[in-house]
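Structure first, then comments.
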Amino acid sequence: MEFFYHESYQLKDFFEKNIQSFEELLLSEAVNVKDMIDDILHIGNIDLVNNAKILVFYIIDRKEKELRQFAKHEGIAWATHSIDLSFKLEWVQAIRRTIWFLIKEYNKLTNDKIIENFFTLEKEVNNQIDDFLNAFFISYSTYKDSLIKAHRELVENLSVPIIPINSSVCILPLIGAIDEFRTHILEEKVLTEIGVLRIQTLIIDLSGIADMEIDVIEHLLKIIDGASMMGCKSVITGLRVEVVRKMIHLGISFEQKSKTLGTLQQALSEYLH
């Protein structure tokens, strides 16, 4: 591969004049990533090749602040679209190798002009690439954690949907499996909403629950007790045969602590009459 060179070229000039060669070499180095470039552009609007060029000139110009800011933006973009981090690692290491290849060629064309400053240059270039990676991963991790937290909060709210029917009656339809984690969410949400909404009657519909473990049933009974202490009457609807049979054999019942009705429709007819 031939490189454009003039004796007046500084290192930045050499990179600018040979940026096409840089791109070709980079793609040859990034074996696994090059086939993903179009997909990554489509998924996250992330232009890997153009971003590599931006990174190179931040490094050459020693623009450390801009480099770190660029890394943070990249981290957020990759976290937002959940792009495989192995591609990023390979890509940045390919950028590192390609930068050093061009530096070596520049050095040959300048008759070892940068040899006497080699160790300083090596430290500057590699430190900046490492700084980029460090800032990228911190940004990626921080933003990913915030996305996970936001998603979890959304799931928690959706998993315990308290639906107001009128000023004093609300419905809590429970669907799917209820584990220990979800019962703690249930407890916090129910007691908080009773206090905020001044709920007098909470209809808990269990028709979407196929089965419940004994510890979950006991926790639900405690939640009903807590609601009662706050002046809220609980009504249980839609108990499945499997749950009722388990409660019979264990000698426990919801009827001592709340009213039970066969269906949600029955409860609505009675309490919205």
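Identifiers in this document derive from the order of the structure tokens: chains are assigned A, B, ..., residues are numbered from 1 separately in each chain, and ligands are numbered from 1 in order of occurrence.
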
With only C-alpha atoms as the counted atoms, please give the residues lying no more than 12 Å from A:Leu41, apart from itself and same-chain residues fewer than 3 positions off, as a ChimeraX atom specification. /A:33-38,44-51,77-78,81,83

Would you put the residues from that selection into a file with N, CA, C and O atoms, as a PDB file, in the first residue's frame?
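Here's the written file out20.pdb:
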ATOM      1  N   VAL A  33     -15.911  -7.343  13.085  1.00  0.00           N
ATOM      2  CA  VAL A  33     -16.768  -6.162  13.158  1.00  0.00           C
ATOM      3  C   VAL A  33     -17.175  -5.650  11.784  1.00  0.00           C
ATOM      4  O   VAL A  33     -18.279  -5.128  11.615  1.00  0.00           O
ATOM      5  N   LYS A  34     -16.314  -5.812  10.797  1.00  0.00           N
ATOM      6  CA  LYS A  34     -16.585  -5.184   9.490  1.00  0.00           C
ATOM      7  C   LYS A  34     -17.902  -5.658   8.875  1.00  0.00           C
ATOM      8  O   LYS A  34     -18.576  -4.902   8.169  1.00  0.00           O
ATOM      9  N   ASP A  35     -18.284  -6.902   9.157  1.00  0.00           N
ATOM     10  CA  ASP A  35     -19.550  -7.414   8.621  1.00  0.00           C
ATOM     11  C   ASP A  35     -20.754  -6.895   9.409  1.00  0.00           C
ATOM     12  O   ASP A  35     -21.895  -7.094   8.979  1.00  0.00           O
ATOM     13  N   MET A  36     -20.496  -6.263  10.550  1.00  0.00           N
ATOM     14  CA  MET A  36     -21.578  -5.745  11.393  1.00  0.00           C
ATOM     15  C   MET A  36     -21.758  -4.239  11.258  1.00  0.00           C
ATOM     16  O   MET A  36     -22.660  -3.671  11.879  1.00  0.00           O
ATOM     17  N   ILE A  37     -20.913  -3.596  10.469  1.00  0.00           N
ATOM     18  CA  ILE A  37     -20.932  -2.127  10.388  1.00  0.00           C
ATOM     19  C   ILE A  37     -22.289  -1.602   9.952  1.00  0.00           C
ATOM     20  O   ILE A  37     -22.849  -0.683  10.564  1.00  0.00           O
ATOM     21  N   ASP A  38     -22.866  -2.182   8.908  1.00  0.00           N
ATOM     22  CA  ASP A  38     -24.167  -1.718   8.419  1.00  0.00           C
ATOM     23  C   ASP A  38     -25.273  -1.997   9.432  1.00  0.00           C
ATOM     24  O   ASP A  38     -26.180  -1.177   9.612  1.00  0.00           O
ATOM     25  N   GLY A  44     -28.427   1.424  15.713  1.00  0.00           N
ATOM     26  CA  GLY A  44     -28.218   2.537  16.640  1.00  0.00           C
ATOM     27  C   GLY A  44     -27.797   3.842  16.012  1.00  0.00           C
ATOM     28  O   GLY A  44     -27.432   4.778  16.726  1.00  0.00           O
ATOM     29  N   ASN A  45     -27.832   3.902  14.672  1.00  0.00           N
ATOM     30  CA  ASN A  45     -27.360   5.104  13.963  1.00  0.00           C
ATOM     31  C   ASN A  45     -25.933   5.454  14.381  1.00  0.00           C
ATOM     32  O   ASN A  45     -25.579   6.620  14.552  1.00  0.00           O
ATOM     33  N   ILE A  46     -25.108   4.406  14.559  1.00  0.00           N
ATOM     34  CA  ILE A  46     -23.714   4.574  14.970  1.00  0.00           C
ATOM     35  C   ILE A  46     -22.821   4.282  13.773  1.00  0.00           C
ATOM     36  O   ILE A  46     -22.766   3.152  13.282  1.00  0.00           O
ATOM     37  N   ASP A  47     -22.143   5.306  13.292  1.00  0.00           N
ATOM     38  CA  ASP A  47     -21.258   5.177  12.131  1.00  0.00           C
ATOM     39  C   ASP A  47     -19.853   4.829  12.628  1.00  0.00           C
ATOM     40  O   ASP A  47     -19.072   5.710  12.986  1.00  0.00           O
ATOM     41  N   LEU A  48     -19.544   3.549  12.655  1.00  0.00           N
ATOM     42  CA  LEU A  48     -18.282   3.098  13.228  1.00  0.00           C
ATOM     43  C   LEU A  48     -17.067   3.690  12.519  1.00  0.00           C
ATOM     44  O   LEU A  48     -16.101   4.108  13.170  1.00  0.00           O
ATOM     45  N   VAL A  49     -17.091   3.690  11.206  1.00  0.00           N
ATOM     46  CA  VAL A  49     -15.927   4.163  10.450  1.00  0.00           C
ATOM     47  C   VAL A  49     -15.700   5.651  10.674  1.00  0.00           C
ATOM     48  O   VAL A  49     -14.579   6.093  10.955  1.00  0.00           O
ATOM     49  N   ASN A  50     -16.744   6.428  10.550  1.00  0.00           N
ATOM     50  CA  ASN A  50     -16.609   7.874  10.761  1.00  0.00           C
ATOM     51  C   ASN A  50     -16.196   8.182  12.194  1.00  0.00           C
ATOM     52  O   ASN A  50     -15.360   9.061  12.445  1.00  0.00           O
ATOM     53  N   ASN A  51     -16.766   7.463  13.147  1.00  0.00           N
ATOM     54  CA  ASN A  51     -16.413   7.677  14.553  1.00  0.00           C
ATOM     55  C   ASN A  51     -14.962   7.309  14.840  1.00  0.00           C
ATOM     56  O   ASN A  51     -14.313   7.922  15.704  1.00  0.00           O
ATOM     57  N   ALA A  77     -24.922   5.499  23.572  1.00  0.00           N
ATOM     58  CA  ALA A  77     -25.511   4.961  22.338  1.00  0.00           C
ATOM     59  C   ALA A  77     -25.480   3.437  22.329  1.00  0.00           C
ATOM     60  O   ALA A  77     -26.474   2.781  21.996  1.00  0.00           O
ATOM     61  N   TRP A  78     -24.344   2.865  22.716  1.00  0.00           N
ATOM     62  CA  TRP A  78     -24.222   1.403  22.721  1.00  0.00           C
ATOM     63  C   TRP A  78     -25.105   0.779  23.797  1.00  0.00           C
ATOM     64  O   TRP A  78     -25.681  -0.291  23.592  1.00  0.00           O
ATOM     65  N   HIS A  81     -28.956   0.791  22.770  1.00  0.00           N
ATOM     66  CA  HIS A  81     -29.359  -0.198  21.759  1.00  0.00           C
ATOM     67  C   HIS A  81     -28.838  -1.598  22.053  1.00  0.00           C
ATOM     68  O   HIS A  81     -28.983  -2.503  21.225  1.00  0.00           O
ATOM     69  N   ILE A  83     -25.948  -3.061  22.078  1.00  0.00           N
ATOM     70  CA  ILE A  83     -25.056  -3.644  21.069  1.00  0.00           C
ATOM     71  C   ILE A  83     -23.933  -4.399  21.784  1.00  0.00           C
ATOM     72  O   ILE A  83     -23.404  -3.937  22.792  1.00  0.00           O
TER      73      ILE A  83
END

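You can rank A:Glu218, A:Glu16, A:Asp225, A:Glu122 by their closest distance to A:Glu180 using only C-alpha atoms, and at the top of that list sits A:Glu218.
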
Running DSSP on the backbone, which parts of stretch 94-204 of chain A land in helix (DSSP H, G or I), as a PyMOL selection string? chain A and resi 94-109+115-159+180-197

Take the residues that were just selected and, keeping C-alpha atoms, output them as a compact mmCIF listing (two decimals), in the first residue's frame.
# COMPACT_ATOMS: atom_id res chain seq x y z
CA ALA A 94 -8.20 -2.50 15.58
CA ILE A 95 -8.09 1.31 15.66
CA ARG A 96 -5.09 1.13 17.99
CA ARG A 97 -3.20 -1.25 15.68
CA THR A 98 -4.04 0.81 12.58
CA ILE A 99 -2.89 4.04 14.19
CA TRP A 100 0.46 2.47 15.02
CA PHE A 101 0.82 1.04 11.54
CA LEU A 102 0.42 4.51 10.02
CA ILE A 103 2.80 5.99 12.60
CA LYS A 104 5.37 3.38 11.62
CA GLU A 105 4.95 4.25 7.94
CA TYR A 106 5.22 7.94 8.69
CA ASN A 107 8.38 7.31 10.67
CA LYS A 108 9.95 5.40 7.76
CA LEU A 109 9.06 8.13 5.28
CA ILE A 115 12.19 7.79 16.95
CA GLU A 116 13.74 10.07 19.54
CA ASN A 117 10.26 10.97 20.82
CA PHE A 118 8.87 7.47 20.42
CA PHE A 119 8.31 6.62 24.06
CA THR A 120 6.56 9.91 24.71
CA LEU A 121 4.36 9.38 21.68
CA GLU A 122 3.66 5.77 22.62
CA LYS A 123 2.55 6.81 26.09
CA GLU A 124 0.35 9.63 24.79
CA VAL A 125 -1.39 7.57 22.10
CA ASN A 126 -1.99 4.45 24.16
CA ASN A 127 -3.04 6.39 27.24
CA GLN A 128 -5.61 8.32 25.23
CA ILE A 129 -7.02 5.13 23.71
CA ASP A 130 -7.18 3.60 27.18
CA ASP A 131 -8.87 6.75 28.50
CA PHE A 132 -11.41 6.48 25.71
CA LEU A 133 -12.17 2.86 26.58
CA ASN A 134 -12.39 3.64 30.28
CA ALA A 135 -14.78 6.57 29.76
CA PHE A 136 -16.80 4.52 27.28
CA PHE A 137 -17.28 1.59 29.66
CA ILE A 138 -18.11 3.81 32.64
CA SER A 139 -20.69 5.66 30.55
CA TYR A 140 -22.06 2.40 29.13
CA SER A 141 -22.33 0.78 32.55
CA THR A 142 -23.87 3.83 34.24
CA TYR A 143 -26.46 4.36 31.53
CA LYS A 144 -27.23 0.65 31.25
CA ASP A 145 -27.81 0.49 35.01
CA SER A 146 -30.17 3.45 34.81
CA LEU A 147 -32.08 1.78 31.95
CA ILE A 148 -32.37 -1.45 33.92
CA LYS A 149 -33.55 0.45 36.99
CA ALA A 150 -36.14 2.39 34.98
CA HIS A 151 -37.33 -0.80 33.31
CA ARG A 152 -37.56 -2.59 36.66
CA GLU A 153 -39.57 0.27 38.16
CA LEU A 154 -41.89 0.16 35.15
CA VAL A 155 -42.31 -3.60 35.52
CA GLU A 156 -42.93 -3.20 39.25
CA ASN A 157 -45.65 -0.64 38.63
CA LEU A 158 -47.22 -2.76 35.93
CA SER A 159 -47.01 -5.87 38.11
CA GLU A 180 -41.24 -13.23 47.38
CA PHE A 181 -39.85 -10.20 45.52
CA ARG A 182 -43.23 -9.38 44.02
CA THR A 183 -45.04 -9.74 47.36
CA HIS A 184 -42.73 -7.11 48.87
CA ILE A 185 -43.56 -4.79 45.96
CA LEU A 186 -47.22 -5.63 46.48
CA GLU A 187 -47.05 -4.75 50.16
CA GLU A 188 -45.34 -1.41 49.57
CA LYS A 189 -47.59 -0.41 46.67
CA VAL A 190 -50.87 -1.42 48.35
CA LEU A 191 -50.19 0.30 51.67
CA THR A 192 -48.82 3.43 49.96
CA GLU A 193 -51.77 3.74 47.59
CA ILE A 194 -54.31 3.19 50.40
CA GLY A 195 -52.73 6.14 52.18
CA VAL A 196 -52.51 8.36 49.10
CA LEU A 197 -55.87 7.53 47.47

Pick the closest to A:Gly238 from A:Leu67, A:Ile203, A:Leu85, A:Leu264: which is it, counting only C-alpha atoms? A:Leu264

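If you measure from each of A:Ile204, A:Ile209, A:Pro161, A:Asp84 to A:Asp39 using only C-alpha atoms, the closest one turns out to be A:Asp84.
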
Give the answer as one residue: which of A:Lys113, A:Leu250, A:Ala79, A:His73 has the shortest atom-to-atom distance to A:Gln10, using only C-alpha atoms? A:Lys113

Quick one: residues within 8 Å of A:Lys259, only C-alpha atoms, excluding same-chain residues fewer than 2 positions away - as a list in words? Ser234, Val235, Ile236, Phe254, Glu255, Gln256, Lys257 and Leu261 of chain A

Spatial neighbours of A:Ile217, max dist 10 Å, only C-alpha atoms, sep filter under 5 positions, as a ChimeraX atom specification: /A:178,183,211-212,222-223,243,246-247,252-254

Just to be explicit: take each residue in the selection above, keep N, CA and C atoms, and write the result as a PDB file, in the first residue's frame.
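part-v6.pdb was written with the following content:
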ATOM      1  N   ILE A 178     -46.439 -15.068  41.451  1.00  0.00           N
ATOM      2  CA  ILE A 178     -46.121 -14.139  42.543  1.00  0.00           C
ATOM      3  C   ILE A 178     -45.043 -14.783  43.406  1.00  0.00           C
ATOM      4  N   THR A 183     -44.172  -9.989  46.202  1.00  0.00           N
ATOM      5  CA  THR A 183     -45.035  -9.744  47.362  1.00  0.00           C
ATOM      6  C   THR A 183     -44.562  -8.525  48.151  1.00  0.00           C
ATOM      7  N   ASP A 211     -51.611 -20.516  40.850  1.00  0.00           N
ATOM      8  CA  ASP A 211     -51.211 -21.161  42.096  1.00  0.00           C
ATOM      9  C   ASP A 211     -50.377 -20.181  42.913  1.00  0.00           C
ATOM     10  N   MET A 212     -50.346 -20.406  44.222  1.00  0.00           N
ATOM     11  CA  MET A 212     -49.531 -19.577  45.111  1.00  0.00           C
ATOM     12  C   MET A 212     -48.887 -20.461  46.164  1.00  0.00           C
ATOM     13  N   LYS A 222     -51.049 -10.934  55.509  1.00  0.00           N
ATOM     14  CA  LYS A 222     -50.475  -9.840  56.295  1.00  0.00           C
ATOM     15  C   LYS A 222     -50.752  -8.492  55.621  1.00  0.00           C
ATOM     16  N   ILE A 223     -50.708  -8.471  54.304  1.00  0.00           N
ATOM     17  CA  ILE A 223     -51.018  -7.235  53.569  1.00  0.00           C
ATOM     18  C   ILE A 223     -52.472  -6.831  53.809  1.00  0.00           C
ATOM     19  N   VAL A 243     -55.500 -23.034  44.518  1.00  0.00           N
ATOM     20  CA  VAL A 243     -55.174 -22.202  45.680  1.00  0.00           C
ATOM     21  C   VAL A 243     -56.092 -22.539  46.847  1.00  0.00           C
ATOM     22  N   LYS A 246     -55.174 -25.863  48.471  1.00  0.00           N
ATOM     23  CA  LYS A 246     -53.967 -25.734  49.288  1.00  0.00           C
ATOM     24  C   LYS A 246     -54.291 -25.062  50.611  1.00  0.00           C
ATOM     25  N   MET A 247     -55.135 -24.050  50.588  1.00  0.00           N
ATOM     26  CA  MET A 247     -55.484 -23.333  51.822  1.00  0.00           C
ATOM     27  C   MET A 247     -56.313 -24.212  52.759  1.00  0.00           C
ATOM     28  N   ILE A 252     -55.963 -22.579  56.546  1.00  0.00           N
ATOM     29  CA  ILE A 252     -56.010 -21.109  56.547  1.00  0.00           C
ATOM     30  C   ILE A 252     -57.073 -20.636  55.564  1.00  0.00           C
ATOM     31  N   SER A 253     -57.529 -19.406  55.755  1.00  0.00           N
ATOM     32  CA  SER A 253     -58.602 -18.890  54.910  1.00  0.00           C
ATOM     33  C   SER A 253     -58.527 -17.377  54.807  1.00  0.00           C
ATOM     34  N   PHE A 254     -58.978 -16.857  53.673  1.00  0.00           N
ATOM     35  CA  PHE A 254     -59.065 -15.411  53.499  1.00  0.00           C
ATOM     36  C   PHE A 254     -60.315 -14.865  54.185  1.00  0.00           C
TER      37      PHE A 254
END
